[in-house]
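Data block for start-v3.txt (compact mmCIF, C-alpha atoms and all ligand atoms):
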# COMPACT_ATOMS: atom_id res chain seq x y z
CA MET B 1 -12.05 -1.77 -15.54
CA ILE B 2 -9.27 -2.47 -13.06
CA ILE B 3 -7.07 0.41 -11.93
CA ALA B 4 -3.78 -0.55 -10.24
CA VAL B 5 -2.17 2.12 -8.08
CA ASP B 6 1.29 1.16 -6.80
CA GLY B 7 4.05 3.09 -5.13
CA PRO B 8 6.18 3.48 -2.01
CA THR B 9 5.02 4.40 1.48
CA ALA B 10 3.42 7.82 1.92
CA SER B 11 3.61 8.57 -1.81
CA GLY B 12 -0.02 9.70 -1.85
CA LYS B 13 -1.22 6.55 -3.64
CA GLY B 14 -3.97 5.94 -1.06
CA THR B 15 -5.35 9.46 -1.46
CA ILE B 16 -5.22 9.12 -5.24
CA ALA B 17 -6.90 5.69 -5.16
CA ARG B 18 -9.73 6.98 -2.94
CA GLY B 19 -10.12 10.10 -5.09
CA LEU B 20 -10.33 8.00 -8.26
CA GLY B 21 -12.86 5.74 -6.55
CA LYS B 22 -15.09 8.70 -5.82
CA HIS B 23 -14.65 10.23 -9.25
CA PHE B 24 -15.35 7.06 -11.24
CA GLY B 25 -17.71 5.41 -8.73
CA LEU B 26 -15.48 2.35 -8.24
CA PRO B 27 -14.77 0.38 -5.03
CA VAL B 28 -11.26 0.79 -3.60
CA LEU B 29 -9.11 -1.72 -1.71
CA ASP B 30 -6.15 -0.45 0.30
CA THR B 31 -4.11 -3.66 0.19
CA GLY B 32 -1.54 -2.28 2.65
CA LEU B 33 -4.21 -2.63 5.33
CA LEU B 34 -4.24 -6.40 4.83
CA TYR B 35 -0.49 -6.61 5.49
CA ARG B 36 -0.85 -4.22 8.42
CA ALA B 37 -3.56 -6.48 9.87
CA VAL B 38 -1.26 -9.50 9.57
CA GLY B 39 1.48 -7.57 11.38
CA LEU B 40 -0.84 -6.45 14.14
CA GLN B 41 -2.33 -9.93 14.53
CA ALA B 42 1.18 -11.40 14.84
CA ARG B 43 1.95 -8.95 17.62
CA LYS B 44 -1.33 -9.60 19.42
CA MET B 45 -0.71 -13.36 19.31
CA GLY B 46 2.89 -13.00 20.46
CA LEU B 47 4.16 -14.40 17.12
CA ASP B 48 7.46 -13.46 15.48
CA PRO B 49 6.81 -11.28 12.38
CA ASP B 50 10.18 -12.31 10.93
CA ASP B 51 9.41 -16.02 11.13
CA PRO B 52 7.64 -17.29 7.97
CA MET B 53 5.47 -19.87 9.79
CA ASP B 54 4.52 -17.48 12.58
CA ALA B 55 3.67 -14.72 10.11
CA ALA B 56 1.61 -17.15 8.00
CA ARG B 57 -0.47 -18.07 11.06
CA ALA B 58 -1.26 -14.39 11.55
CA THR B 59 -2.93 -14.19 8.11
CA GLU B 60 -6.02 -15.72 9.74
CA PHE B 61 -6.91 -12.46 11.40
CA PRO B 62 -10.54 -11.58 12.20
CA ASP B 63 -12.11 -9.08 9.73
CA MET B 64 -12.81 -6.75 12.65
CA LEU B 65 -9.10 -6.09 12.88
CA LEU B 66 -9.28 -4.18 9.57
CA LYS B 67 -11.29 -1.50 11.35
CA GLU B 68 -8.73 -0.77 14.09
CA PRO B 69 -7.33 2.78 13.91
CA GLU B 70 -4.03 1.39 15.21
CA LEU B 71 -3.45 -0.16 11.77
CA ARG B 72 -2.55 3.28 10.43
CA THR B 73 0.33 3.88 12.85
CA VAL B 74 3.97 4.01 11.76
CA ALA B 75 4.65 1.02 14.05
CA CYS B 76 2.05 -1.12 12.25
CA GLY B 77 3.47 -0.07 8.89
CA ALA B 78 6.87 -1.33 9.96
CA LEU B 79 5.36 -4.64 11.15
CA ALA B 80 3.50 -4.94 7.82
CA SER B 81 6.71 -4.47 5.90
CA ARG B 82 8.32 -7.29 7.93
CA VAL B 83 5.53 -9.86 7.48
CA SER B 84 5.06 -8.98 3.80
CA VAL B 85 8.45 -10.41 2.78
CA HIS B 86 7.19 -13.97 3.40
CA LYS B 87 5.92 -15.97 0.43
CA ARG B 88 3.25 -17.72 2.53
CA VAL B 89 1.85 -14.43 3.74
CA ARG B 90 1.60 -13.03 0.20
CA ALA B 91 0.02 -16.26 -1.07
CA ALA B 92 -2.57 -16.22 1.71
CA LEU B 93 -3.67 -12.68 0.79
CA LEU B 94 -3.63 -13.18 -3.00
CA GLU B 95 -7.13 -14.63 -3.54
CA ARG B 96 -8.80 -11.97 -1.49
CA GLN B 97 -7.21 -9.25 -3.61
CA ARG B 98 -7.93 -10.99 -6.94
CA LYS B 99 -11.56 -11.47 -5.95
CA PHE B 100 -11.89 -7.81 -5.16
CA ALA B 101 -10.30 -6.89 -8.50
CA ALA B 102 -12.70 -9.18 -10.40
CA GLN B 103 -15.89 -7.38 -9.32
CA PRO B 104 -18.18 -6.98 -12.35
CA GLY B 105 -18.21 -3.17 -12.34
CA GLY B 106 -14.46 -2.85 -11.93
CA ALA B 107 -12.24 -1.94 -9.00
CA ILE B 108 -9.28 0.08 -7.82
CA LEU B 109 -6.52 -1.50 -5.73
CA ASP B 110 -3.57 0.29 -4.21
CA GLY B 111 -0.40 -1.36 -2.96
CA ARG B 112 3.05 -2.45 -4.10
CA ASP B 113 2.48 -5.33 -6.52
CA ILE B 114 -0.98 -4.72 -7.96
CA GLY B 115 0.19 -3.97 -11.51
CA THR B 116 2.91 -6.61 -11.45
CA VAL B 117 1.40 -9.59 -9.58
CA ILE B 118 -2.21 -9.16 -8.42
CA ALA B 119 -3.70 -7.67 -11.60
CA PRO B 120 -1.08 -7.73 -14.38
CA ASP B 121 -3.90 -7.22 -16.92
CA ALA B 122 -5.23 -4.06 -15.28
CA GLU B 123 -6.46 -1.56 -17.86
CA VAL B 124 -4.77 1.32 -16.06
CA LYS B 125 -1.57 1.16 -14.01
CA LEU B 126 -0.24 4.11 -12.10
CA PHE B 127 3.08 4.17 -10.27
CA VAL B 128 2.76 6.98 -7.76
CA THR B 129 5.88 8.34 -6.14
CA ALA B 130 7.43 11.40 -4.48
CA SER B 131 10.86 12.26 -3.06
CA LEU B 132 11.84 10.74 0.29
CA GLU B 133 11.77 14.24 1.84
CA ALA B 134 8.28 15.02 0.57
CA ARG B 135 6.95 11.67 1.74
CA ALA B 136 8.60 12.00 5.16
CA ARG B 137 7.13 15.48 5.68
CA ARG B 138 3.64 14.21 4.85
CA ARG B 139 3.89 11.10 7.00
CA HIS B 140 5.32 13.14 9.88
CA ALA B 141 2.40 15.60 9.79
CA GLU B 142 -0.04 12.71 9.58
CA SER B 143 1.51 10.80 12.50
CA HIS B 144 1.56 13.98 14.58
CA SER B 145 -2.13 14.61 13.99
CA ARG B 146 -2.77 11.08 15.27
CA GLY B 147 -0.85 11.87 18.46
CA GLU B 148 2.26 9.81 17.63
CA LYS B 149 5.38 11.53 18.93
CA LEU B 150 7.98 10.93 16.25
CA THR B 151 10.59 13.36 14.96
CA LEU B 152 10.93 14.07 11.24
CA ASP B 153 14.28 12.25 11.30
CA GLN B 154 12.69 9.15 12.82
CA VAL B 155 9.97 9.14 10.18
CA MET B 156 12.51 9.60 7.38
CA ASP B 157 14.62 6.78 8.77
CA ASP B 158 11.58 4.48 8.96
CA LEU B 159 10.57 5.30 5.37
CA ALA B 160 14.07 4.71 4.04
CA LYS B 161 14.19 1.31 5.78
CA ARG B 162 10.78 0.33 4.45
CA ASP B 163 11.65 1.45 0.90
CA GLU B 164 14.79 -0.64 1.05
CA ARG B 165 12.95 -3.73 2.37
CA ASP B 166 10.02 -3.37 -0.08
CA ARG B 167 12.31 -2.85 -3.11
CA ASN B 168 14.81 -5.57 -2.38
CA ARG B 169 12.69 -8.47 -1.21
CA ALA B 170 12.58 -11.62 -3.34
CA GLU B 171 8.77 -11.93 -3.37
CA ALA B 172 6.82 -9.32 -5.34
CA PRO B 173 9.20 -6.42 -4.75
CA LEU B 174 8.05 -2.84 -5.19
CA LEU B 175 8.76 -1.98 -8.80
CA GLN B 176 7.15 0.01 -11.55
CA ALA B 177 5.37 -2.26 -14.03
CA GLU B 178 6.66 -1.77 -17.59
CA ASP B 179 3.30 -0.49 -18.73
CA ALA B 180 2.66 1.74 -15.70
CA LEU B 181 2.47 5.49 -15.90
CA LEU B 182 4.85 7.26 -13.51
CA LEU B 183 3.22 9.98 -11.43
CA ASP B 184 5.79 11.86 -9.35
CA ASN B 185 3.85 14.27 -7.16
CA SER B 186 6.75 15.74 -5.10
CA ASP B 187 5.83 19.21 -6.31
CA MET B 188 2.09 18.79 -6.72
CA THR B 189 -0.78 19.54 -4.36
CA PRO B 190 -3.04 16.55 -3.58
CA ALA B 191 -5.67 18.05 -5.93
CA GLU B 192 -3.16 18.37 -8.78
CA ALA B 193 -1.96 14.80 -8.28
CA LEU B 194 -5.54 13.49 -8.33
CA GLN B 195 -6.31 15.46 -11.50
CA ALA B 196 -3.22 13.98 -13.21
CA ALA B 197 -4.44 10.49 -12.24
CA ILE B 198 -7.99 11.20 -13.50
CA ASP B 199 -6.54 12.44 -16.82
CA ALA B 200 -4.47 9.26 -17.14
CA VAL B 201 -7.49 7.04 -16.51
CA GLU B 202 -9.66 8.98 -18.97
CA GLN B 203 -7.01 8.65 -21.64
CA ALA B 204 -6.98 4.91 -21.13
CA MET B 205 -10.79 4.59 -21.34
O1 LIG G 301 0.84 0.90 1.87
P1 LIG G 301 1.18 0.67 3.31
O2 LIG G 301 2.18 1.62 3.86
O3 LIG G 301 -0.06 0.60 4.17
O4 LIG G 301 1.81 -0.79 3.36
C1 LIG G 301 2.45 -1.28 4.50
C2 LIG G 301 3.48 -2.34 4.10
O5 LIG G 301 2.79 -3.48 3.58
C3 LIG G 301 4.43 -1.91 2.98
O6 LIG G 301 5.59 -1.30 3.48
C4 LIG G 301 4.72 -3.22 2.27
O7 LIG G 301 5.84 -3.86 2.85
C5 LIG G 301 3.51 -4.05 2.51
N1 LIG G 301 2.65 -4.16 1.32
C6 LIG G 301 2.98 -5.10 0.36
N2 LIG G 301 2.19 -5.27 -0.73
C7 LIG G 301 1.08 -4.53 -0.91
C8 LIG G 301 0.73 -3.53 0.05
C9 LIG G 301 1.55 -3.37 1.15
O8 LIG G 301 3.99 -5.77 0.49
N3 LIG G 301 0.30 -4.75 -1.99
As structure tokens:
Amino acid sequence: MIIAVDGPTASGKGTIARGLGKHFGLPVLDTGLLYRAVGLQARKMGLDPDDPMDAARATEFPDMLLKEPELRTVACGALASRVSVHKRVRAALLERQRKFAAQPGGAILDGRDIGTVIAPDAEVKLFVTASLEARARRRHAESHSRGEKLTLDQVMDDLAKRDERDRNRAEAPLLQAEDALLLDNSDMTPAEALQAAIDAVEQAM
């Protein structure tokens, strides 16, 4: 069984994907980390994240990079969003994601285009979202606990920019698959949101 969990930045999709993984005993791939690694690699190599050829070169990052805590920063998220608009970058990361999805026991992937491009035949598709305000508050608290000194306004501005870029790009834009279940968790606790996701998966089984 493949479970696709898509949605905008800081929507809680990562928490839901990990929670589902634990509950159903399935491996989870946070595909955003791959794009973040490309962004970080581009910066380390002095490459231009907005240049398609430069960004494509950065897809050959060492696996060790995926373990760097820096990948989780707001700055790396912004870099990821810039490199992820390029067709070559998306193509270079496609096989890796499809392979993960094809594991015999099933898998959970979270990202932007899992239900639409990576695994259009996924048995369960969730589109996880929350209001811009709710997402900004969560991301702000998270960035603060990591020692990043950003104001709530700065975080909200960054999220709005990323939403806009992710939704309007030509390649695999962020959009709810026709057969995806919408899970708006603006007014839910993380536990309630996870339970709603578990219920949706059980109904599909
Ligand atoms: O989910 P996360 O915030 O880690 O993703 C960082 C950026 O990577 C997103 O803003 C998006 O531009 C890009 N991304 C993508 N496709 C995915 C996952 C992430 O384009 N499947």
Contacts of Ala134 of chain B at 10 Å (all atoms listed in the file; same-chain gap of 6+ positions) as a list in words | Ala10, Ser11, His140, Met156, Asn185, Ser186 and Asp187 of chain B
Across B:Ala107, B:Ala177, B:Ala80, B:Ala37, the smallest distance to ligand LIG 301 (chain G), with all atoms listed in the file counted, is shown by B:Ala80
Expected answer as an MDAnalysis selection string: residues within 7 Å of ligand LIG 301 (chain G), only C-alpha atoms and all ligand atoms = chainID B and resid 9:10 31:33 35:36 77:78 80:82 84:85 110:114 162 166
Compile the contact shell of Leu20 of chain B as a compact mmCIF listing (two decimals) with C-alpha atoms, in the frame of the given file: residues with an atom at most 9 Å away, counting only C-alpha atoms, same-chain residues fewer than 3 positions apart removed.
# COMPACT_ATOMS: atom_id res chain seq x y z
CA THR B 15 -5.35 9.46 -1.46
CA ILE B 16 -5.22 9.12 -5.24
CA ALA B 17 -6.90 5.69 -5.16
CA HIS B 23 -14.65 10.23 -9.25
CA PHE B 24 -15.35 7.06 -11.24
CA GLY B 25 -17.71 5.41 -8.73
CA LEU B 26 -15.48 2.35 -8.24
CA VAL B 28 -11.26 0.79 -3.60
CA ILE B 108 -9.28 0.08 -7.82
CA LEU B 194 -5.54 13.49 -8.33
CA ALA B 197 -4.44 10.49 -12.24
CA ILE B 198 -7.99 11.20 -13.50
CA VAL B 201 -7.49 7.04 -16.51
What does the distance between atom CA of Asp63 of chain B and atom CA of Arg43 of chain B come to in Å, to one decimal place?
-> 16.1 Å
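Residues lying within 10 Å of Val124 of chain B, counting only C-alpha atoms and ignoring same-chain neighbours fewer than 5 positions away, are B:Met1, B:Ile2, B:Ile3, B:Ala4, B:Val5, B:Ile108, B:Gly115, B:Asp179, B:Ala180, B:Leu181, B:Ala197, B:Ala200, B:Val201, B:Glu202, B:Gln203, B:Ala204, B:Met205.
The neighbours of Asp184 of chain B here are the residues that come within 9 Å of it, using all atoms listed in the file and leaving out any residue fewer than 3 positions away in the same chain; they are Ser11, Phe127, Val128, Thr129, Ala130, Ser131, Asp187, Met188 and Ala193 of chain B.
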Closest of B:Leu152, B:Ala42, B:Ile118, B:Leu132 to Pro8 of chain B, counting all atoms listed in the file, is B:Leu132
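Note that atom CA of Val89 of chain B and atom CA of Ala56 of chain B are 5.1 Å apart.
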Of B:Arg98, B:Thr116, B:Val74, B:Gln103, the one sitting nearest Ala141 of chain B when using all atoms listed in the file is B:Val74
With all atoms listed in the file as the atoms that count, which of B:Leu183, B:Ala160, B:Val83, B:Ala75 lies nearest to Arg57 of chain B?
-> B:Val83
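Going from atom CA of Arg72 of chain B over to atom CA of Glu60 of chain B, you cover 19.3 Å.
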Could you add the missing atoms to segment 141-174 of chain B, up to N, CA and C atoms, and return them as a PDB file, keeping the file's coordinate frame?
ATOM      1  N   ALA B 141       3.574  14.773   9.442  1.00  0.00           N
ATOM      2  CA  ALA B 141       2.400  15.600   9.790  1.00  0.00           C
ATOM      3  C   ALA B 141       1.219  14.707  10.147  1.00  0.00           C
ATOM      4  N   GLU B 142       1.063  13.639   9.362  1.00  0.00           N
ATOM      5  CA  GLU B 142      -0.040  12.710   9.580  1.00  0.00           C
ATOM      6  C   GLU B 142       0.094  12.000  10.930  1.00  0.00           C
ATOM      7  N   SER B 143       1.318  11.542  11.247  1.00  0.00           N
ATOM      8  CA  SER B 143       1.510  10.800  12.500  1.00  0.00           C
ATOM      9  C   SER B 143       1.332  11.730  13.690  1.00  0.00           C
ATOM     10  N   HIS B 144       1.730  13.000  13.519  1.00  0.00           N
ATOM     11  CA  HIS B 144       1.560  13.980  14.580  1.00  0.00           C
ATOM     12  C   HIS B 144       0.097  14.223  14.875  1.00  0.00           C
ATOM     13  N   SER B 145      -0.696  14.327  13.805  1.00  0.00           N
ATOM     14  CA  SER B 145      -2.130  14.610  13.990  1.00  0.00           C
ATOM     15  C   SER B 145      -2.821  13.427  14.666  1.00  0.00           C
ATOM     16  N   ARG B 146      -2.190  12.250  14.611  1.00  0.00           N
ATOM     17  CA  ARG B 146      -2.770  11.080  15.270  1.00  0.00           C
ATOM     18  C   ARG B 146      -2.247  10.950  16.700  1.00  0.00           C
ATOM     19  N   GLY B 147      -1.360  11.894  17.092  1.00  0.00           N
ATOM     20  CA  GLY B 147      -0.850  11.870  18.460  1.00  0.00           C
ATOM     21  C   GLY B 147       0.426  11.053  18.633  1.00  0.00           C
ATOM     22  N   GLU B 148       1.011  10.551  17.516  1.00  0.00           N
ATOM     23  CA  GLU B 148       2.260   9.810  17.630  1.00  0.00           C
ATOM     24  C   GLU B 148       3.402  10.825  17.770  1.00  0.00           C
ATOM     25  N   LYS B 149       4.318  10.544  18.703  1.00  0.00           N
ATOM     26  CA  LYS B 149       5.380  11.530  18.930  1.00  0.00           C
ATOM     27  C   LYS B 149       6.684  11.078  18.285  1.00  0.00           C
ATOM     28  N   LEU B 150       6.770  11.311  16.984  1.00  0.00           N
ATOM     29  CA  LEU B 150       7.980  10.930  16.250  1.00  0.00           C
ATOM     30  C   LEU B 150       8.602  12.171  15.652  1.00  0.00           C
ATOM     31  N   THR B 151       9.940  12.209  15.602  1.00  0.00           N
ATOM     32  CA  THR B 151      10.590  13.360  14.960  1.00  0.00           C
ATOM     33  C   THR B 151      10.622  13.115  13.449  1.00  0.00           C
ATOM     34  N   LEU B 152      10.855  14.195  12.693  1.00  0.00           N
ATOM     35  CA  LEU B 152      10.930  14.070  11.240  1.00  0.00           C
ATOM     36  C   LEU B 152      12.042  13.098  10.845  1.00  0.00           C
ATOM     37  N   ASP B 153      13.158  13.158  11.587  1.00  0.00           N
ATOM     38  CA  ASP B 153      14.280  12.250  11.300  1.00  0.00           C
ATOM     39  C   ASP B 153      13.887  10.792  11.501  1.00  0.00           C
ATOM     40  N   GLN B 154      13.131  10.530  12.567  1.00  0.00           N
ATOM     41  CA  GLN B 154      12.690   9.150  12.820  1.00  0.00           C
ATOM     42  C   GLN B 154      11.790   8.653  11.701  1.00  0.00           C
ATOM     43  N   VAL B 155      10.883   9.522  11.241  1.00  0.00           N
ATOM     44  CA  VAL B 155       9.970   9.140  10.180  1.00  0.00           C
ATOM     45  C   VAL B 155      10.746   8.883   8.886  1.00  0.00           C
ATOM     46  N   MET B 156      11.721   9.758   8.606  1.00  0.00           N
ATOM     47  CA  MET B 156      12.510   9.600   7.380  1.00  0.00           C
ATOM     48  C   MET B 156      13.320   8.304   7.420  1.00  0.00           C
ATOM     49  N   ASP B 157      13.850   8.000   8.589  1.00  0.00           N
ATOM     50  CA  ASP B 157      14.620   6.780   8.770  1.00  0.00           C
ATOM     51  C   ASP B 157      13.733   5.544   8.552  1.00  0.00           C
ATOM     52  N   ASP B 158      12.521   5.592   9.117  1.00  0.00           N
ATOM     53  CA  ASP B 158      11.580   4.480   8.960  1.00  0.00           C
ATOM     54  C   ASP B 158      11.205   4.294   7.489  1.00  0.00           C
ATOM     55  N   LEU B 159      10.945   5.399   6.782  1.00  0.00           N
ATOM     56  CA  LEU B 159      10.570   5.300   5.370  1.00  0.00           C
ATOM     57  C   LEU B 159      11.708   4.723   4.537  1.00  0.00           C
ATOM     58  N   ALA B 160      12.924   5.189   4.813  1.00  0.00           N
ATOM     59  CA  ALA B 160      14.070   4.710   4.040  1.00  0.00           C
ATOM     60  C   ALA B 160      14.256   3.205   4.237  1.00  0.00           C
ATOM     61  N   LYS B 161      14.057   2.752   5.482  1.00  0.00           N
ATOM     62  CA  LYS B 161      14.190   1.310   5.780  1.00  0.00           C
ATOM     63  C   LYS B 161      13.116   0.513   5.058  1.00  0.00           C
ATOM     64  N   ARG B 162      11.885   1.037   5.093  1.00  0.00           N
ATOM     65  CA  ARG B 162      10.780   0.330   4.450  1.00  0.00           C
ATOM     66  C   ARG B 162      10.957   0.289   2.939  1.00  0.00           C
ATOM     67  N   ASP B 163      11.391   1.410   2.351  1.00  0.00           N
ATOM     68  CA  ASP B 163      11.650   1.450   0.900  1.00  0.00           C
ATOM     69  C   ASP B 163      12.638   0.359   0.531  1.00  0.00           C
ATOM     70  N   GLU B 164      13.697   0.303   1.310  1.00  0.00           N
ATOM     71  CA  GLU B 164      14.790  -0.640   1.050  1.00  0.00           C
ATOM     72  C   GLU B 164      14.255  -2.080   1.139  1.00  0.00           C
ATOM     73  N   ARG B 165      13.479  -2.371   2.197  1.00  0.00           N
ATOM     74  CA  ARG B 165      12.950  -3.730   2.370  1.00  0.00           C
ATOM     75  C   ARG B 165      11.954  -4.052   1.253  1.00  0.00           C
ATOM     76  N   ASP B 166      11.056  -3.114   0.934  1.00  0.00           N
ATOM     77  CA  ASP B 166      10.020  -3.370  -0.080  1.00  0.00           C
ATOM     78  C   ASP B 166      10.627  -3.535  -1.474  1.00  0.00           C
ATOM     79  N   ARG B 167      11.724  -2.803  -1.754  1.00  0.00           N
ATOM     80  CA  ARG B 167      12.310  -2.850  -3.110  1.00  0.00           C
ATOM     81  C   ARG B 167      13.200  -4.061  -3.313  1.00  0.00           C
ATOM     82  N   ASN B 168      13.801  -4.523  -2.225  1.00  0.00           N
ATOM     83  CA  ASN B 168      14.810  -5.570  -2.380  1.00  0.00           C
ATOM     84  C   ASN B 168      14.383  -6.968  -1.984  1.00  0.00           C
ATOM     85  N   ARG B 169      13.116  -7.124  -1.594  1.00  0.00           N
ATOM     86  CA  ARG B 169      12.690  -8.470  -1.210  1.00  0.00           C
ATOM     87  C   ARG B 169      12.550  -9.353  -2.447  1.00  0.00           C
ATOM     88  N   ALA B 170      12.634 -10.681  -2.219  1.00  0.00           N
ATOM     89  CA  ALA B 170      12.580 -11.620  -3.340  1.00  0.00           C
ATOM     90  C   ALA B 170      11.155 -11.743  -3.874  1.00  0.00           C
ATOM     91  N   GLU B 171      10.162 -11.726  -2.971  1.00  0.00           N
ATOM     92  CA  GLU B 171       8.770 -11.930  -3.370  1.00  0.00           C
ATOM     93  C   GLU B 171       8.098 -10.602  -3.707  1.00  0.00           C
ATOM     94  N   ALA B 172       7.604 -10.480  -4.929  1.00  0.00           N
ATOM     95  CA  ALA B 172       6.820  -9.320  -5.340  1.00  0.00           C
ATOM     96  C   ALA B 172       7.382  -7.992  -4.842  1.00  0.00           C
ATOM     97  N   PRO B 173       8.615  -7.678  -5.203  1.00  0.00           N
ATOM     98  CA  PRO B 173       9.200  -6.420  -4.750  1.00  0.00           C
ATOM     99  C   PRO B 173       8.477  -5.212  -5.345  1.00  0.00           C
ATOM    100  N   LEU B 174       8.637  -4.085  -4.665  1.00  0.00           N
ATOM    101  CA  LEU B 174       8.050  -2.840  -5.190  1.00  0.00           C
ATOM    102  C   LEU B 174       8.810  -2.446  -6.443  1.00  0.00           C
TER     103      LEU B 174
END
